Amino acid sequence: MCGGAPDHDVIVRALWANAVRLCERLATGKPAGMNVRHDWTVNEAEALIARPFHDLLFEAHACHRELHDPQVVEAAMLLSVKTGACPEDCAYCPQSAKWNTDLEPARLMPAEEIVASARSAQASGATRFCMGAAWRAPNDRQVEEVAVAVEAVGALGMETCVTLGMLTDEQATRLAGAGLDFYNHNLDTSPEFYGEIITTRTYEDRLETLANVRDAGVKLCCGGIVGMGESRRDRAGLLVQLARLDPQPESVPINLLVQVPGTPLHGTDELDPLELVRTIAAARLMMPESVVRLSAGRSQMTDELQALCLHAGASSIFLGDRLLTTANPGDDHDRDLLGRLDVDLAVLEGDAR
Ligand code: SAM
Ligand code: DTB
Ligand code: SF4
């Protein structure tokens with residue numbers, strides 16, 4: 001054997017877990033559920049992220065294969081349906097009115113334009129269409145307009161996701177009535193680091209919106225951002241908050257900060273790319289059933305880094321050459337990369353294409 005002895009305990013535990021799941025699968029004919037824990041501590045999560053790199057990746061990838069197909073990546077497409085002029089002070093965000101970022105603000109798009117964009121997203125292989133609005137919290141009229149667009153996009157046969165800021169329970173219920181599949185609302189970082197990044201809304205506000213969305217029966221897309229100058233312990237703290245949500249979010253976007261000139265975080269020291277891989281691997285292990293998205297920041301990543309992130313347990317990306325207001329690699333690049341990794345884009349159940 002090359003390179004010294006493997007960690008015996010890690011291999012025995014992984015083989016034993018696999019054997020147990022195989023027996024359950026044989027008995028039931030279905031993949032066995034993972035042991036989903038909601039009682040993670042920050043110390044445990046930090047120790048997980050700090051595991052020897054190859055052990056961490058081995059465990060994360062083994063866990064990923066149990067419940068997810070490593071040859072399939074889910075594709076979503078983003079559209080900024082209302083851009084800029086946001087009253088919030090999120091230090092990473094080019095859309096805050098508080099920063100001077102050269103961004104042209106735009107009012108809420110008419111539903112027909114949104115649907116046309118969703119059609120073209122669908123034609124390029126996206127199964128989920130995510131509409132983002134730079135609001136602190138929408139009013140009821142704005143929610144009504146978005147609900148009309150959600151219904152029309154859903155009628156195309158796409159999954160729908162919106163991210164509109166804070167929501168009341170009535171607003172969440174209205175969106176659920178329009179058939180909304182997912183609501184994206186991120187915790188962004190640990191409770192301890194949060195105050196360094198945002199002062200205009202609290203962590204509690206975010207948890208309250210998440211609860212309203214859950215109660216309305218809409219699935220949660222909830223994650224955060226790495227590379228904002230936070231510590232490894234903060235990344236662990238974010239994952240603990242996400243894993244403690246019960247049920248855990250169905251979608252977990254891990255964004256690498258896109259540094260935009262004019263925002264307070266522009267010029268932040270770059271994160272070691274392998275920390276991103278570790279964070280994704282830990283997210284995979286702590287939220288085994290969730291779909292982890294390698295979200296913003298892919299334009300700054302090498303193909304090899306993205307491949308490692310997918311190996312560590314990410315299995316969702318945003319397609320297209322634009323996120324909300326910043327660059328994304330684009331379909332040609334992504335098709336080439338996924339082809340080199342022998343990965344196909346997911347299709348929705350019942351879609352015969
Ligand atoms: N205004 C709504 C809100 O904040 O709740 C929704 C839109 S907001 C742009 C959605 C998410 O995008 C943020 O929570 C943040 O996690 C992510 N995001 C925004 N700017 C980013 C950046 N420069 N780099 C990485 N992620 C970013
Ligand atoms: C998420 O977690 N990332 C997406 C989506 N949810 C809405 C947004 C990323 C935005 C990156 C900066 C921009 O393009 O404006
Ligand atoms: Fe506004 Fe959302 Fe950007 Fe914060 S992240 S400034 S709430 S658009």
# chains A, B, ... in the order shown; residues from 1 in each chain; ligands from 1
call {"tool": "residues_around", "arguments": {"residues": "segment 137-139 of chain A", "least_positions_apart": "3", "cutoff": "8 Å", "atoms": "only C-alpha atoms", "output": "list of chain:residue names"}}
result
A:Gln142, A:Val143, A:Leu164, A:Gly165, A:Met166, A:Leu167
call {"tool": "write_last_selection", "arguments": {"atoms": "N, CA and C atoms", "output": "tab-separated table (two decimals), in the first residue's frame"}}
result
chain	number	residue	atom	x	y	z
A	142	GLN	N	-46.58	43.13	-3.79
A	142	GLN	CA	-45.40	42.54	-4.46
A	142	GLN	C	-45.46	41.01	-4.40
A	143	VAL	N	-45.86	40.49	-3.25
A	143	VAL	CA	-45.98	39.03	-3.13
A	143	VAL	C	-47.01	38.52	-4.14
A	164	LEU	N	-37.08	36.55	-1.58
A	164	LEU	CA	-37.66	37.90	-1.58
A	164	LEU	C	-37.36	38.65	-0.30
A	165	GLY	N	-36.59	38.06	0.60
A	165	GLY	CA	-36.35	38.68	1.90
A	165	GLY	C	-37.28	38.09	2.95
A	166	MET	N	-37.57	38.88	3.99
A	166	MET	CA	-38.38	38.37	5.10
A	166	MET	C	-39.84	38.21	4.68
A	167	LEU	N	-40.47	37.16	5.15
A	167	LEU	CA	-41.87	36.88	4.78
A	167	LEU	C	-42.71	36.69	6.04
call {"tool": "residues_around", "arguments": {"residues": "segment 333-346 of chain A", "least_positions_apart": "3", "cutoff": "12 Å", "atoms": "only C-alpha atoms", "output": "ChimeraX atom specification"}}
result
/A:68-76,122,124-128,298-299,302-308,310-311,315-321,328-330,349-353
call {"tool": "write_last_selection", "arguments": {"atoms": "N, CA and C atoms", "output": "compact mmCIF listing (two decimals), in the first residue's frame"}}
result
# COMPACT_ATOMS: atom_id res chain seq x y z
N HIS A 68 -27.52 9.85 -2.95
CA HIS A 68 -27.53 10.71 -4.14
C HIS A 68 -26.71 10.01 -5.23
N ASP A 69 -27.09 10.29 -6.47
CA ASP A 69 -26.35 9.69 -7.59
C ASP A 69 -25.16 10.58 -7.93
N PRO A 70 -23.93 10.08 -7.76
CA PRO A 70 -22.77 10.94 -8.00
C PRO A 70 -22.61 11.34 -9.47
N GLN A 71 -23.35 10.67 -10.35
CA GLN A 71 -23.26 11.00 -11.79
C GLN A 71 -24.32 12.01 -12.22
N VAL A 72 -25.06 12.56 -11.28
CA VAL A 72 -26.15 13.48 -11.65
C VAL A 72 -26.01 14.79 -10.87
N VAL A 73 -26.14 15.88 -11.60
CA VAL A 73 -26.11 17.21 -10.98
C VAL A 73 -27.40 17.94 -11.33
N GLU A 74 -28.00 18.55 -10.31
CA GLU A 74 -29.24 19.29 -10.51
C GLU A 74 -28.88 20.70 -11.02
N ALA A 75 -29.66 21.18 -11.99
CA ALA A 75 -29.35 22.51 -12.54
C ALA A 75 -30.50 23.47 -12.29
N ALA A 76 -30.14 24.61 -11.71
CA ALA A 76 -31.13 25.67 -11.48
C ALA A 76 -30.66 26.90 -12.27
N GLN A 122 -35.31 26.60 -19.14
CA GLN A 122 -35.73 25.20 -19.30
C GLN A 122 -35.11 24.60 -20.55
N SER A 124 -32.33 25.30 -21.77
CA SER A 124 -30.90 25.01 -21.61
C SER A 124 -30.64 23.94 -20.55
N GLY A 125 -31.70 23.30 -20.04
CA GLY A 125 -31.51 22.13 -19.19
C GLY A 125 -31.79 22.35 -17.72
N ALA A 126 -32.17 23.60 -17.34
CA ALA A 126 -32.46 23.84 -15.92
C ALA A 126 -33.81 23.23 -15.57
N THR A 127 -33.88 22.62 -14.39
CA THR A 127 -35.16 22.06 -13.93
C THR A 127 -35.79 22.95 -12.86
N ARG A 128 -34.97 23.87 -12.32
CA ARG A 128 -35.52 24.78 -11.29
C ARG A 128 -35.24 26.22 -11.69
N ARG A 298 -18.50 30.30 -8.63
CA ARG A 298 -17.84 29.30 -9.49
C ARG A 298 -16.97 29.93 -10.56
N SER A 299 -17.29 31.19 -10.94
CA SER A 299 -16.46 31.84 -11.97
C SER A 299 -15.03 32.06 -11.49
N THR A 302 -11.30 27.08 -10.23
CA THR A 302 -10.79 26.23 -11.31
C THR A 302 -11.78 25.07 -11.50
N ASP A 303 -11.68 24.44 -12.66
CA ASP A 303 -12.51 23.25 -12.89
C ASP A 303 -12.18 22.17 -11.87
N GLU A 304 -10.89 22.08 -11.52
CA GLU A 304 -10.47 21.02 -10.61
C GLU A 304 -11.05 21.24 -9.21
N LEU A 305 -11.12 22.50 -8.79
CA LEU A 305 -11.74 22.79 -7.49
C LEU A 305 -13.23 22.42 -7.52
N GLN A 306 -13.90 22.78 -8.62
CA GLN A 306 -15.33 22.44 -8.70
C GLN A 306 -15.51 20.92 -8.68
N ALA A 307 -14.61 20.21 -9.37
CA ALA A 307 -14.70 18.74 -9.37
C ALA A 307 -14.57 18.20 -7.95
N LEU A 308 -13.64 18.76 -7.20
CA LEU A 308 -13.46 18.31 -5.80
C LEU A 308 -14.71 18.60 -4.97
N LEU A 310 -17.77 18.75 -6.07
CA LEU A 310 -18.81 17.79 -6.45
C LEU A 310 -18.50 16.42 -5.84
N HIS A 311 -17.22 16.09 -5.78
CA HIS A 311 -16.83 14.81 -5.16
C HIS A 311 -17.16 14.83 -3.66
N SER A 315 -24.13 18.64 -5.35
CA SER A 315 -24.71 18.01 -6.55
C SER A 315 -25.77 18.92 -7.16
N SER A 316 -25.52 20.21 -7.09
CA SER A 316 -26.43 21.16 -7.70
C SER A 316 -25.61 22.39 -8.06
N ILE A 317 -25.96 23.00 -9.20
CA ILE A 317 -25.26 24.24 -9.60
C ILE A 317 -26.27 25.18 -10.26
N PHE A 318 -25.87 26.44 -10.36
CA PHE A 318 -26.62 27.38 -11.17
C PHE A 318 -26.02 27.37 -12.57
N LEU A 319 -26.86 27.20 -13.57
CA LEU A 319 -26.42 27.28 -14.96
C LEU A 319 -26.47 28.74 -15.41
N GLY A 320 -25.93 29.00 -16.58
CA GLY A 320 -26.05 30.32 -17.20
C GLY A 320 -24.86 31.20 -16.92
N ASP A 321 -24.81 32.34 -17.62
CA ASP A 321 -23.64 33.20 -17.48
C ASP A 321 -23.84 34.32 -16.46
N ASN A 328 -21.39 34.12 -13.90
CA ASN A 328 -21.39 32.67 -13.66
C ASN A 328 -20.72 32.07 -14.89
N PRO A 329 -20.16 30.84 -14.80
CA PRO A 329 -19.35 30.33 -15.92
C PRO A 329 -20.06 30.24 -17.28
N GLY A 330 -21.36 30.00 -17.33
CA GLY A 330 -22.03 29.89 -18.63
C GLY A 330 -22.17 28.44 -19.07
N GLU A 349 -38.85 14.09 -12.43
CA GLU A 349 -39.67 12.88 -12.60
C GLU A 349 -40.83 13.19 -13.53
N GLY A 350 -41.08 12.29 -14.48
CA GLY A 350 -42.21 12.49 -15.38
C GLY A 350 -41.83 13.29 -16.61
N ASP A 351 -40.60 13.87 -16.64
CA ASP A 351 -40.16 14.60 -17.82
C ASP A 351 -39.52 13.60 -18.78
N ALA A 352 -40.17 13.41 -19.93
CA ALA A 352 -39.71 12.34 -20.84
C ALA A 352 -38.57 12.78 -21.75
N ARG A 353 -38.10 14.08 -21.63
CA ARG A 353 -37.07 14.53 -22.56
C ARG A 353 -35.78 13.75 -22.42
call {"tool": "residues_near_ligand", "arguments": {"ligand": "ligand 2", "cutoff": "7 Å", "atoms": "only C-alpha atoms and all ligand atoms", "output": "mmCIF file with C-alpha atoms, in the first residue's frame"}}
result
data_model
loop_
_atom_site.group_PDB
_atom_site.id
_atom_site.type_symbol
_atom_site.label_atom_id
_atom_site.label_comp_id
_atom_site.auth_asym_id
_atom_site.auth_seq_id
_atom_site.Cartn_x
_atom_site.Cartn_y
_atom_site.Cartn_z
ATOM 1 C CA LEU A 78 -31.386 32.401 -11.452
ATOM 2 C CA CYS A 93 -24.066 42.425 -1.523
ATOM 3 C CA PRO A 94 -23.791 44.580 -4.621
ATOM 4 C CA GLN A 95 -27.533 45.309 -4.444
ATOM 5 C CA CYS A 130 -35.071 30.798 -8.997
ATOM 6 C CA GLY A 132 -34.524 36.790 -6.639
ATOM 7 C CA THR A 163 -35.946 34.675 -2.587
ATOM 8 C CA ASN A 184 -34.455 30.608 -0.513
ATOM 9 C CA ASN A 186 -29.940 32.078 3.856
ATOM 10 C CA CYS A 222 -31.096 27.734 3.093
ATOM 11 C CA GLY A 223 -27.330 28.037 3.271
ATOM 12 C CA GLY A 224 -24.639 30.636 3.549
ATOM 13 C CA PRO A 253 -26.535 26.575 -1.128
ATOM 14 C CA ILE A 254 -22.889 27.133 -0.224
ATOM 15 C CA ASN A 255 -21.811 30.405 -1.797
ATOM 16 C CA VAL A 258 -18.142 37.088 -5.034
ATOM 17 C CA SER A 295 -23.659 28.156 -5.562
ATOM 18 C CA ALA A 296 -22.102 31.609 -6.154
ATOM 19 C CA ARG A 322 -25.267 35.265 -14.736
ATOM 20 C CA LEU A 323 -26.180 34.697 -11.104
ATOM 21 C CA LEU A 324 -28.328 37.637 -9.935
ATOM 22 C CA THR A 325 -26.031 40.510 -10.823
ATOM 23 C CA THR A 326 -22.599 38.883 -11.124
ATOM 24 C CA ALA A 327 -20.932 36.451 -13.533
#
call {"tool": "select_by_dssp", "arguments": {"residues": "segment 183-344 of chain A", "states": "strand (DSSP E)", "output": "PyMOL selection string"}}
result
chain A and resi 183-184+219-221+224-226+251-256+291-294+314-318+344
call {"tool": "residues_around", "arguments": {"residues": "Ala47 of chain A", "least_positions_apart": "2", "cutoff": "12 Å", "atoms": "only C-alpha atoms", "output": "tab-separated table (two decimals) with N, CA and C atoms, in the first residue's frame"}}
result
chain	number	residue	atom	x	y	z
A	40	TRP	N	-26.09	18.57	16.51
A	40	TRP	CA	-24.67	18.84	16.33
A	40	TRP	C	-24.21	20.00	17.21
A	41	THR	N	-23.01	19.88	17.76
A	41	THR	CA	-22.43	21.01	18.50
A	41	THR	C	-21.37	21.66	17.60
A	42	VAL	N	-21.05	22.90	17.93
A	42	VAL	CA	-20.06	23.61	17.11
A	42	VAL	C	-18.70	22.92	17.24
A	43	ASN	N	-18.38	22.42	18.43
A	43	ASN	CA	-17.10	21.71	18.59
A	43	ASN	C	-17.04	20.50	17.68
A	44	GLU	N	-18.14	19.75	17.64
A	44	GLU	CA	-18.16	18.55	16.77
A	44	GLU	C	-18.01	18.93	15.30
A	45	ALA	N	-18.73	19.98	14.91
A	45	ALA	CA	-18.69	20.37	13.49
A	45	ALA	C	-17.31	20.89	13.12
A	49	ILE	N	-14.80	19.37	10.22
A	49	ILE	CA	-14.16	20.13	9.14
A	49	ILE	C	-12.65	19.95	9.19
A	50	ALA	N	-12.13	19.78	10.41
A	50	ALA	CA	-10.68	19.69	10.60
A	50	ALA	C	-10.12	18.27	10.43
A	51	ARG	N	-10.96	17.30	10.10
A	51	ARG	CA	-10.48	15.92	9.95
A	51	ARG	C	-9.39	15.87	8.89
A	52	PRO	N	-8.53	14.86	8.94
A	52	PRO	CA	-7.56	14.72	7.86
A	52	PRO	C	-8.30	14.76	6.52
A	53	PHE	N	-7.80	15.56	5.60
A	53	PHE	CA	-8.53	15.87	4.36
A	53	PHE	C	-9.06	14.63	3.65
A	56	LEU	N	-11.92	12.94	5.52
A	56	LEU	CA	-13.15	13.73	5.42
A	56	LEU	C	-13.79	13.51	4.04
A	232	ARG	N	-12.87	29.26	10.69
A	232	ARG	CA	-13.38	27.89	10.50
A	232	ARG	C	-14.49	27.60	11.50
A	233	ARG	N	-14.33	28.13	12.71
A	233	ARG	CA	-15.37	27.91	13.73
A	233	ARG	C	-16.70	28.56	13.29
A	235	ARG	N	-17.66	28.87	10.19
A	235	ARG	CA	-18.24	27.98	9.16
A	235	ARG	C	-18.91	26.79	9.84
A	236	ALA	N	-18.26	26.28	10.89
A	236	ALA	CA	-18.88	25.19	11.66
A	236	ALA	C	-20.18	25.66	12.29
A	237	GLY	N	-20.16	26.88	12.82
A	237	GLY	CA	-21.36	27.43	13.48
A	237	GLY	C	-22.52	27.57	12.51
A	278	ARG	N	-13.74	21.43	2.27
A	278	ARG	CA	-14.00	20.87	3.62
A	278	ARG	C	-15.40	21.26	4.10
A	279	THR	N	-15.79	22.51	3.84
A	279	THR	CA	-17.11	22.97	4.31
A	279	THR	C	-18.21	22.17	3.60
A	282	ALA	N	-18.35	18.66	5.04
A	282	ALA	CA	-19.00	18.63	6.36
A	282	ALA	C	-20.51	18.85	6.22
call {"tool": "atom_distance", "arguments": {"atom1": "atom CA of Val150 of chain A", "atom2": "atom CA of Leu180 of chain A"}}
result
6.3 Å
call {"tool": "residues_around", "arguments": {"residues": "Ser190 of chain A", "least_positions_apart": "2", "cutoff": "7 Å", "atoms": "only C-alpha atoms", "output": "VMD selection string"}}
result
chain A and resid 192 to 194 234 to 235 237 to 238
call {"tool": "write_last_selection", "arguments": {"atoms": "C-alpha atoms", "output": "PDB file, in the first residue's frame"}}
result
ATOM      1  CA  GLU A 192     -21.351  35.063  16.245  1.00  0.00           C
ATOM      2  CA  PHE A 193     -19.981  36.502  12.965  1.00  0.00           C
ATOM      3  CA  TYR A 194     -23.344  37.668  11.636  1.00  0.00           C
ATOM      4  CA  ASP A 234     -17.836  30.327  12.111  1.00  0.00           C
ATOM      5  CA  ARG A 235     -18.243  27.983   9.156  1.00  0.00           C
ATOM      6  CA  GLY A 237     -21.359  27.432  13.482  1.00  0.00           C
ATOM      7  CA  LEU A 238     -23.287  28.082  10.255  1.00  0.00           C
TER       8      LEU A 238
END
call {"tool": "select_by_dssp", "arguments": {"residues": "segment 259-322 of chain A", "states": "alpha helix (DSSP H)", "output": "JSON, numbers by chain"}}
result
{"A": [273, 274, 275, 276, 277, 278, 279, 280, 281, 282, 283, 284, 285, 286, 303, 304, 305, 306, 307, 308, 309, 310, 311, 312]}
call {"tool": "atom_distance", "arguments": {"atom1": "atom CA of Leu67 of chain A", "atom2": "atom CA of Gly313 of chain A"}}
result
10.5 Å
call {"tool": "closest_residue", "arguments": {"among": "A:Gly267, A:Pro191, A:Gly297, A:Pro105", "to": "Asp205 of chain A", "atoms": "only C-alpha atoms"}}
result
A:Pro191
call {"tool": "decode", "arguments": {"residues": "segment 81-94 of chain A", "atoms": "C-alpha atoms", "output": "PDB file, in the first residue's frame"}}
result
ATOM      1  CA  VAL A  81     -36.637  39.958 -10.969  1.00  0.00           C
ATOM      2  CA  LYS A  82     -36.092  43.163  -8.955  1.00  0.00           C
ATOM      3  CA  THR A  83     -32.589  44.556  -8.844  1.00  0.00           C
ATOM      4  CA  GLY A  84     -30.699  46.862  -6.493  1.00  0.00           C
ATOM      5  CA  ALA A  85     -31.777  49.791  -4.293  1.00  0.00           C
ATOM      6  CA  CYS A  86     -32.106  47.453  -1.317  1.00  0.00           C
ATOM      7  CA  PRO A  87     -32.311  49.169   2.100  1.00  0.00           C
ATOM      8  CA  GLU A  88     -30.373  46.393   3.882  1.00  0.00           C
ATOM      9  CA  ASP A  89     -26.645  46.652   4.646  1.00  0.00           C
ATOM     10  CA  CYS A  90     -25.384  43.131   3.841  1.00  0.00           C
ATOM     11  CA  ALA A  91     -21.646  43.778   3.487  1.00  0.00           C
ATOM     12  CA  TYR A  92     -21.220  41.256   0.663  1.00  0.00           C
ATOM     13  CA  CYS A  93     -24.066  42.425  -1.523  1.00  0.00           C
ATOM     14  CA  PRO A  94     -23.791  44.580  -4.621  1.00  0.00           C
TER      15      PRO A  94
END
